[in-house]
>>> print(open('work_38.txt').read())   # compact mmCIF, C-alpha atoms and all ligand atoms
# COMPACT_ATOMS: atom_id res chain seq x y z
CA MET N 111 150.48 132.53 73.99
CA SER N 112 150.01 131.14 70.54
CA GLY N 113 146.69 130.26 68.91
CA ARG N 114 143.21 131.52 69.51
CA VAL N 115 141.80 130.78 72.92
CA GLY N 116 138.16 129.98 73.59
CA VAL N 117 136.17 129.30 76.75
CA LEU N 118 133.01 127.23 76.52
CA LEU N 119 130.62 127.74 79.42
CA LEU N 120 128.25 124.79 79.74
CA ASN N 121 124.86 125.18 81.32
CA LEU N 122 121.41 123.67 81.37
CA GLY N 123 119.32 126.25 79.53
CA GLY N 124 115.71 127.14 80.21
CA PRO N 125 112.57 127.99 78.24
CA GLU N 126 112.48 131.65 77.24
CA LYS N 127 108.71 131.71 76.63
CA LEU N 128 105.79 129.61 77.83
CA GLU N 129 105.50 128.06 74.36
CA ASP N 130 109.06 126.71 74.74
CA VAL N 131 108.28 124.69 77.86
CA TYR N 132 107.17 121.45 76.21
CA LEU N 133 110.18 121.18 73.89
CA PHE N 134 112.58 122.14 76.68
CA LEU N 135 111.13 119.37 78.86
CA TYR N 136 111.24 116.93 75.98
CA ASN N 137 114.96 117.68 75.43
CA LEU N 138 115.59 117.18 79.14
CA PHE N 139 113.76 113.87 79.48
CA ALA N 140 115.19 112.55 76.19
CA ASP N 141 118.62 112.70 77.86
CA PRO N 142 119.53 109.25 79.24
CA GLU N 143 121.67 110.98 81.90
CA ILE N 144 118.43 112.51 83.27
CA ILE N 145 116.19 109.46 83.00
CA ARG N 146 117.89 106.12 82.55
CA LEU N 147 115.57 103.77 80.75
CA PRO N 148 116.55 100.14 80.27
CA ILE N 149 115.37 100.11 76.62
CA PRO N 150 117.08 102.93 74.67
CA PHE N 151 114.62 103.04 71.76
CA LEU N 152 111.82 103.90 74.21
CA GLN N 153 113.69 107.00 75.47
CA LYS N 154 112.18 109.46 72.98
CA PRO N 155 108.53 108.27 73.06
CA ILE N 156 108.63 108.16 76.86
CA ALA N 157 110.27 111.61 76.97
CA SER N 158 107.41 113.06 74.95
CA LEU N 159 104.83 111.46 77.27
CA ILE N 160 106.50 112.76 80.43
CA ALA N 161 107.08 116.19 78.88
CA ALA N 162 103.42 116.43 77.87
CA SER N 163 102.20 115.45 81.32
CA ARG N 164 104.59 117.80 83.15
CA ALA N 165 104.27 120.79 80.79
CA PRO N 166 101.10 122.31 82.36
CA ILE N 167 102.57 122.41 85.92
CA SER N 168 105.91 123.57 84.64
CA GLN N 169 104.29 126.30 82.51
CA GLU N 170 102.34 127.51 85.51
CA ASN N 171 105.60 127.79 87.47
CA TYR N 172 107.30 129.72 84.65
CA ARG N 173 104.22 131.96 84.42
CA MET N 174 104.76 132.90 88.08
CA ILE N 175 108.27 134.16 87.33
CA GLY N 176 107.32 136.28 84.35
CA GLY N 177 106.79 133.67 81.61
CA GLY N 178 110.29 132.25 81.09
CA SER N 179 113.66 131.37 82.54
CA PRO N 180 116.21 134.16 83.07
CA LEU N 181 119.02 131.66 82.59
CA ARG N 182 120.09 132.60 79.09
CA GLN N 183 120.46 136.28 79.87
CA ILE N 184 122.30 135.67 83.16
CA THR N 185 124.67 133.11 81.62
CA GLU N 186 125.45 135.37 78.66
CA GLU N 187 126.20 138.22 81.06
CA GLN N 188 128.50 135.94 83.08
CA GLY N 189 130.27 135.09 79.82
CA GLU N 190 130.76 138.74 78.86
CA ASN N 191 132.05 139.59 82.32
CA ILE N 192 134.50 136.69 82.34
CA GLU N 193 135.70 137.71 78.87
CA ASN N 194 136.30 141.27 80.12
CA VAL N 195 138.28 140.12 83.17
CA LEU N 196 140.39 137.84 80.96
CA GLN N 197 141.04 140.73 78.55
CA ARG N 198 142.10 142.94 81.45
CA HIS N 199 144.70 140.32 82.32
CA GLY N 200 146.02 140.10 78.82
CA VAL N 201 144.25 136.88 77.89
CA ASP N 202 142.58 137.42 74.55
CA ALA N 203 139.93 134.72 74.83
CA LYS N 204 136.46 134.48 73.38
CA VAL N 205 133.75 133.12 75.68
CA TYR N 206 130.93 130.95 74.29
CA VAL N 207 127.78 129.67 75.99
CA GLY N 208 126.56 126.14 75.23
CA MET N 209 123.28 125.00 76.79
CA ARG N 210 122.28 121.35 77.12
CA TYR N 211 118.50 121.66 76.63
CA TRP N 212 117.78 125.07 75.12
CA HIS N 213 119.23 127.86 73.00
CA PRO N 214 122.02 128.64 72.54
CA TYR N 215 122.52 124.87 72.23
CA THR N 216 126.00 123.41 72.64
CA GLU N 217 126.01 122.58 68.92
CA GLU N 218 125.48 126.29 68.11
CA ALA N 219 128.43 127.24 70.32
CA ILE N 220 130.64 124.61 68.72
CA ALA N 221 129.78 125.86 65.23
CA LYS N 222 131.00 129.34 66.28
CA ILE N 223 134.13 127.90 67.91
CA LYS N 224 135.03 126.24 64.62
CA GLN N 225 134.19 129.35 62.61
CA ASP N 226 136.43 131.48 64.83
CA GLY N 227 139.37 129.12 64.39
CA ILE N 228 139.83 128.46 68.11
CA THR N 229 142.91 126.32 68.80
CA ARG N 230 142.81 126.03 72.61
CA LEU N 231 139.52 125.59 74.44
CA VAL N 232 138.73 125.60 78.15
CA VAL N 233 135.45 123.83 78.88
CA LEU N 234 133.88 125.11 82.08
CA PRO N 235 130.54 123.70 83.32
CA LEU N 236 128.71 126.34 85.36
CA TYR N 237 127.82 123.81 88.06
CA PRO N 238 130.09 124.05 91.11
CA GLN N 239 129.58 120.37 92.00
CA TYR N 240 129.79 117.55 89.48
CA SER N 241 126.77 115.37 88.81
CA ILE N 242 126.30 112.69 86.16
CA SER N 243 123.00 114.45 85.38
CA THR N 244 124.49 117.93 84.79
CA SER N 245 128.19 118.49 84.04
CA GLY N 246 128.53 114.79 83.26
CA SER N 247 125.76 114.91 80.67
CA SER N 248 127.14 118.05 79.00
CA ILE N 249 130.69 116.68 78.87
CA LYS N 250 129.42 113.37 77.51
CA GLN N 251 127.61 115.24 74.76
CA LEU N 252 130.80 117.15 73.91
CA ASP N 253 132.79 113.91 73.79
CA ALA N 254 130.28 112.44 71.34
CA ILE N 255 130.46 115.52 69.09
CA TRP N 256 134.28 115.50 69.26
CA GLU N 257 134.44 111.85 68.30
CA GLN N 258 132.71 112.62 64.99
CA ASP N 259 134.81 115.62 64.02
CA PRO N 260 138.55 115.64 63.22
CA GLU N 261 138.54 119.46 63.07
CA LEU N 262 137.49 119.55 66.72
CA GLN N 263 139.99 116.86 67.63
CA ALA N 264 142.76 119.22 66.48
CA ILE N 265 141.76 121.71 69.20
CA GLU N 266 143.58 121.44 72.51
CA ARG N 267 140.69 120.92 74.91
CA ILE N 268 140.99 121.41 78.66
CA THR N 269 137.90 120.23 80.55
CA ILE N 270 137.15 121.28 84.13
CA ASN N 271 134.87 118.94 86.08
CA SER N 272 133.99 120.84 89.26
CA TRP N 273 135.24 123.78 91.25
CA TYR N 274 133.10 124.04 94.44
CA ASP N 275 136.24 124.17 96.60
CA ARG N 276 137.70 127.34 95.05
CA SER N 277 138.40 129.99 97.61
CA GLY N 278 136.97 132.83 95.50
CA TYR N 279 133.68 130.99 95.01
CA ILE N 280 133.47 130.27 98.74
CA ARG N 281 134.33 133.88 99.56
CA ALA N 282 131.63 135.20 97.21
CA MET N 283 129.04 132.85 98.75
CA ASN N 284 130.07 134.00 102.20
CA GLU N 285 129.67 137.66 101.26
CA LEU N 286 126.14 137.00 100.06
CA ILE N 287 125.24 134.97 103.16
CA ASP N 288 126.77 137.50 105.52
CA ALA N 289 124.93 140.42 103.92
CA LYS N 290 121.58 138.64 104.32
CA LEU N 291 122.32 137.61 107.92
CA GLN N 292 122.69 141.28 108.80
CA ASP N 293 119.06 141.88 107.78
CA PHE N 294 117.84 139.68 110.64
CA ALA N 295 117.29 141.19 114.09
CA GLU N 296 119.57 138.54 115.65
CA PRO N 297 121.98 137.24 113.01
CA ASP N 298 123.43 134.64 115.41
CA ASN N 299 120.04 132.99 115.82
CA VAL N 300 119.46 132.46 112.13
CA HIS N 301 119.40 128.90 110.87
CA ILE N 302 121.33 128.67 107.59
CA PHE N 303 119.53 126.30 105.27
CA PHE N 304 121.45 125.09 102.20
CA SER N 305 119.01 123.86 99.58
CA ALA N 306 120.57 121.88 96.75
CA HIS N 307 118.89 120.53 93.65
CA GLY N 308 118.34 116.81 94.30
CA VAL N 309 119.22 113.73 92.25
CA PRO N 310 117.69 110.25 92.51
CA VAL N 311 119.46 108.25 95.27
CA LYS N 312 120.56 105.53 92.87
CA TYR N 313 122.74 108.03 90.98
CA VAL N 314 124.92 108.07 94.09
CA THR N 315 124.51 104.49 95.36
CA LYS N 316 124.47 102.64 92.03
CA TYR N 317 126.13 104.86 89.41
CA GLY N 318 128.80 106.42 91.63
CA ASP N 319 127.77 110.07 91.23
CA PRO N 320 130.12 112.20 93.39
CA TYR N 321 127.41 114.89 93.63
CA GLN N 322 126.33 114.26 97.23
CA SER N 323 129.84 114.11 98.64
CA GLU N 324 130.94 117.20 96.67
CA MET N 325 127.83 118.98 97.97
CA GLU N 326 128.59 118.04 101.58
CA ASN N 327 132.22 119.15 101.20
CA CYS N 328 131.06 122.38 99.60
CA VAL N 329 128.71 123.20 102.48
CA ASP N 330 131.45 122.36 105.00
CA GLY N 331 133.85 124.66 103.17
CA ILE N 332 131.38 127.54 103.18
CA MET N 333 130.44 127.05 106.85
CA LYS N 334 134.09 126.88 107.93
CA ALA N 335 134.84 130.13 106.13
CA LEU N 336 131.78 131.95 107.48
CA ARG N 337 132.73 134.68 109.90
CA ARG N 338 130.58 133.72 112.86
CA ASP N 339 130.78 130.40 114.61
CA HIS N 340 127.58 128.79 113.45
CA GLN N 341 128.79 125.27 114.23
CA ARG N 342 128.31 126.19 117.87
CA TYR N 343 124.54 126.28 117.47
CA ASN N 344 124.47 123.33 115.11
CA ALA N 345 122.59 125.88 113.10
CA HIS N 346 122.81 124.77 109.54
CA THR N 347 121.11 122.19 107.35
CA LEU N 348 121.73 120.71 103.90
CA ALA N 349 118.56 119.50 102.19
CA TYR N 350 117.56 118.64 98.61
CA GLN N 351 114.78 120.20 96.56
CA SER N 352 113.03 119.86 93.19
CA ARG N 353 112.48 116.13 92.99
CA VAL N 354 110.41 114.82 90.09
CA GLY N 355 108.95 111.37 89.44
CA PRO N 356 108.20 108.38 91.62
CA VAL N 357 111.74 107.29 92.64
CA GLU N 358 113.54 108.09 95.88
CA TRP N 359 115.75 111.22 95.76
CA LEU N 360 118.50 112.39 98.08
CA GLN N 361 117.22 113.24 101.54
CA PRO N 362 116.35 115.18 103.59
CA TYR N 363 113.82 116.82 101.30
CA THR N 364 113.76 120.60 101.64
CA GLU N 365 110.05 120.79 102.43
CA GLU N 366 110.23 118.21 105.24
CA ALA N 367 113.42 119.68 106.65
CA ILE N 368 111.77 123.11 106.90
CA LYS N 369 108.79 121.62 108.76
CA ASN N 370 111.09 119.73 111.14
CA LEU N 371 113.04 122.88 111.94
CA ALA N 372 109.78 124.70 112.67
CA LYS N 373 108.89 121.90 115.12
CA ARG N 374 112.26 122.42 116.79
CA GLY N 375 111.34 126.07 117.33
CA VAL N 376 113.38 127.70 114.57
CA ASN N 377 111.85 131.03 113.66
CA ASP N 378 114.59 132.66 111.54
CA LEU N 379 115.55 130.81 108.39
CA LEU N 380 117.95 131.85 105.65
CA VAL N 381 117.83 129.65 102.55
CA VAL N 382 121.02 129.37 100.47
CA PRO N 383 120.63 127.90 96.97
CA ILE N 384 123.82 125.91 96.53
CA SER N 385 123.87 123.80 93.39
CA PHE N 386 123.46 126.46 90.77
CA VAL N 387 125.07 129.87 90.29
CA SER N 388 122.23 131.75 88.55
CA GLU N 389 118.71 132.71 89.47
CA HIS N 390 116.33 130.24 87.86
CA ILE N 391 112.92 128.69 88.30
CA GLU N 392 113.90 126.73 91.43
CA THR N 393 115.08 129.84 93.27
CA LEU N 394 112.48 132.33 92.02
CA GLN N 395 109.46 130.07 92.15
CA GLU N 396 110.18 127.01 94.27
CA ILE N 397 112.11 128.65 97.12
CA ASP N 398 110.72 132.20 97.02
CA ILE N 399 107.09 131.16 96.60
CA GLU N 400 106.51 127.48 97.53
CA TYR N 401 109.00 127.01 100.38
CA ARG N 402 108.27 130.44 101.81
CA GLU N 403 104.64 129.33 102.11
CA VAL N 404 105.65 126.00 103.67
CA ALA N 405 107.76 127.88 106.23
CA GLU N 406 105.04 130.41 106.96
CA GLU N 407 102.44 127.70 107.49
CA ALA N 408 104.81 125.78 109.74
CA GLY N 409 105.31 128.90 111.89
CA ILE N 410 108.63 130.24 110.58
CA HIS N 411 107.91 133.91 110.07
CA ASN N 412 111.36 135.29 109.34
CA PHE N 413 112.23 133.66 106.04
CA ASP N 414 114.72 134.98 103.53
CA ARG N 415 116.87 133.72 100.68
CA VAL N 416 120.41 134.47 99.60
CA PRO N 417 120.55 135.63 95.97
CA ALA N 418 122.32 133.52 93.37
CA LEU N 419 125.87 134.56 92.50
CA ASN N 420 124.99 135.64 88.94
CA SER N 421 127.77 138.12 88.06
CA HIS N 422 129.12 138.72 91.58
CA PRO N 423 132.57 140.25 90.89
CA ILE N 424 134.50 137.99 93.30
CA PHE N 425 132.90 134.97 91.66
CA ILE N 426 133.53 136.17 88.10
CA ASN N 427 137.17 136.95 88.94
CA ASP N 428 137.56 133.51 90.46
CA LEU N 429 136.22 131.78 87.34
CA ALA N 430 138.53 133.91 85.18
CA GLU N 431 141.41 132.90 87.42
CA LEU N 432 140.42 129.23 87.16
CA ILE N 433 140.46 129.56 83.36
CA MET N 434 143.89 131.20 83.40
CA GLU N 435 145.25 128.48 85.69
CA SER N 436 143.89 125.83 83.32
CA LEU N 437 145.62 127.55 80.40
CA GLY N 438 148.84 127.58 82.33
CA THR N 439 148.93 131.38 82.29
CA PRO N 440 151.50 132.64 84.84
CA LYS N 441 149.83 132.93 88.23
CA ALA N 442 147.11 135.51 88.07
CA ALA N 443 148.19 137.14 91.28
CA ALA N 444 147.14 140.50 89.91
CA ILE N 445 143.46 139.66 90.25
CA VAL N 446 142.04 141.58 93.13
CA ALA N 447 138.38 141.20 93.80
C1 LIG N 501 122.88 121.07 89.92
C2 LIG N 501 121.72 121.33 89.46
C3 LIG N 501 120.80 120.36 88.88
C4 LIG N 501 120.74 118.96 89.00
C5 LIG N 501 121.65 118.03 89.77
C6 LIG N 501 119.61 118.53 88.23
C7 LIG N 501 119.19 117.20 88.09
C8 LIG N 501 117.95 116.83 87.57
N1 LIG N 501 116.93 117.65 87.12
C9 LIG N 501 115.84 116.91 86.71
C10 LIG N 501 114.62 117.39 86.20
C11 LIG N 501 114.31 118.74 85.90
N2 LIG N 501 115.14 119.82 86.03
C12 LIG N 501 114.49 120.96 85.62
C13 LIG N 501 114.97 122.24 85.63
C14 LIG N 501 116.20 122.62 86.15
N3 LIG N 501 117.17 121.78 86.68
C15 LIG N 501 118.24 122.53 87.10
C16 LIG N 501 119.42 122.09 87.71
C17 LIG N 501 119.72 120.76 88.04
N4 LIG N 501 119.04 119.64 87.67
C18 LIG N 501 117.93 123.90 86.80
C19 LIG N 501 118.84 125.05 87.08
C20 LIG N 501 116.67 123.95 86.22
C21 LIG N 501 115.86 125.17 85.79
C22 LIG N 501 116.25 125.86 84.52
C23 LIG N 501 115.41 127.09 84.34
O1 LIG N 501 114.50 127.02 83.51
O2 LIG N 501 115.56 128.12 85.01
C24 LIG N 501 113.20 120.61 85.15
C25 LIG N 501 112.21 121.57 84.50
C26 LIG N 501 111.49 122.48 85.43
C27 LIG N 501 110.33 121.78 86.07
O3 LIG N 501 109.46 121.29 85.34
O4 LIG N 501 110.32 121.71 87.31
C28 LIG N 501 113.06 119.23 85.34
C29 LIG N 501 111.87 118.40 84.99
C30 LIG N 501 116.18 115.54 86.93
C31 LIG N 501 115.27 114.38 86.61
C32 LIG N 501 117.50 115.49 87.45
C33 LIG N 501 118.35 114.37 87.85
C34 LIG N 501 118.29 113.17 87.38
FE FE N 502 116.96 119.75 87.10
FE FE N 503 110.48 122.57 90.76
>>> encode(input="work_38.txt", output="structure tokens", more="lines below")
Ligand SMILES: C=CC1=C(C)c2cc3[nH]c(cc4nc(cc5[nH]c(cc1n2)c(C)c5CCC(=O)O)C(CCC(=O)O)=C4C)c(C)c3C=C
Ligand SMILES: [Fe+2]
Ligand SMILES: [Fe+2]
Amino acid sequence: MSGRVGVLLLNLGGPEKLEDVYLFLYNLFADPEIIRLPIPFLQKPIASLIAASRAPISQENYRMIGGGSPLRQITEEQGENIENVLQRHGVDAKVYVGMRYWHPYTEEAIAKIKQDGITRLVVLPLYPQYSISTSGSSIKQLDAIWEQDPELQAIERITINSWYDRSGYIRAMNELIDAKLQDFAEPDNVHIFFSAHGVPVKYVTKYGDPYQSEMENCVDGIMKALRRDHQRYNAHTLAYQSRVGPVEWLQPYTEEAIKNLAKRGVNDLLVVPISFVSEHIETLQEIDIEYREVAEEAGIHNFDRVPALNSHPIFINDLAELIMESLGTPKAAAIVA
């Protein structure tokens, strides 16, 4: 293969210290793909108002998980592991991490990509399902940077949109779910509860976001591949968490769905975070602390959560394989998880 190959992993980013929270939130709300305001010049002033009003709650949440987001460290580890798997298969690629709202910012990654003289670049958002608000926003930002820079335009860029239907990803999720099911006294009685990060309903109904349908297909794919026959008990749910602001978000909301299951007599609940592949504030604080309490109060006493994939070897191998396929590298049949 000629030229120098790079892989750019795109992710959201998270505040590393409590002092970072305000600026992180400002960056997030200043993104029109996160809040769509009708008057563009109001975006920044309104972002600073919302960031200032949300910062105290958000800081309190980050305080509960040790004072910052683990996202940078986990994403950098994923990058190193992918790079190693690629090397083992003879693909001499350098992996870069570009975050949308915190360090290392996408611009920092691009500066390194240029410095290193990369000639072929695979862009891989670390979100299994595509949303306008996540992968869409990061790719849009890249497109804008590319448009301004002839040096970047000379790079052959291969952009992946979503990959929730990959068999390796599904297999890795199943391993994690299966392992947790075995911790329950009666694994067959456990209700499997997929909790995805929500988006406002109008993203789907008005702007055509494929997020909800990709999420539903993803959950179907995982359930079909799961060893036991859960369909039989109708024993799984997909609900949406983490809504912010006054608008309507995708339903059912996680909190209400948990309460409804408790009313139906469910006593064993296994929560599966599904929209994000790393531990982060919404798994460590929102699910592990808030939703556990909701479940407990509603009478669900056996509550557990599946860990995020992080650097699960089957998952990392699958992403490396996806990258090789995108590069047109001869079938990576040699990859054995
Ligand atoms: C697939 C995952 C995500 C979607 C879709 C998404 C949409 C989305 N998010 C907000 C607002 C906030 N998100 C925040 C943090 C945050 N969001 C995601 C993922 C998705 N967001 C992650 C992984 C994280 C946490 C990063 C970390 O620090 O570990 C926050 C800040 C935290 C808080 O104050 O609660 C906000 C705010 C909107 C409005 C939106 C869709 C339009
Ligand atoms: Fe979010
Ligand atoms: Fe939250």
>>> residues_around(input="work_38.txt", residues="Met209 of chain N", least_positions_apart="3", cutoff="8 Å", atoms="only C-alpha atoms", output="PyMOL selection string")
chain N and resi 120-123+212-216
>>> residues_around(input="work_38.txt", residues="Val195 of chain N", least_positions_apart="5", cutoff="12 Å", atoms="only C-alpha atoms", output="number ranges by chain")
N: 188-190, 200-205, 421, 423-434, 442, 444-447
>>> closest_residue(input="work_38.txt", among="N:Ser241, N:Ser163, N:Glu170, N:Leu181", to="His390 of chain N", atoms="all atoms listed in the file")
N:Leu181
>>> closest_residue(input="work_38.txt", among="N:Glu435, N:Glu326, N:Glu400, N:Glu389", to="ligand LIG 501 (chain N)", atoms="only C-alpha atoms and all ligand atoms")
N:Glu389
>>> residues_near_ligand(input="work_38.txt", ligand="ligand FE 502 (chain N)", cutoff="9 Å", atoms="all atoms listed in the file", output="list in words")
Leu122, Leu138, Ile144, Ser243, Thr244, His307, Gly308, Val309, Ser352, Arg353, Val354 and Glu392 of chain N
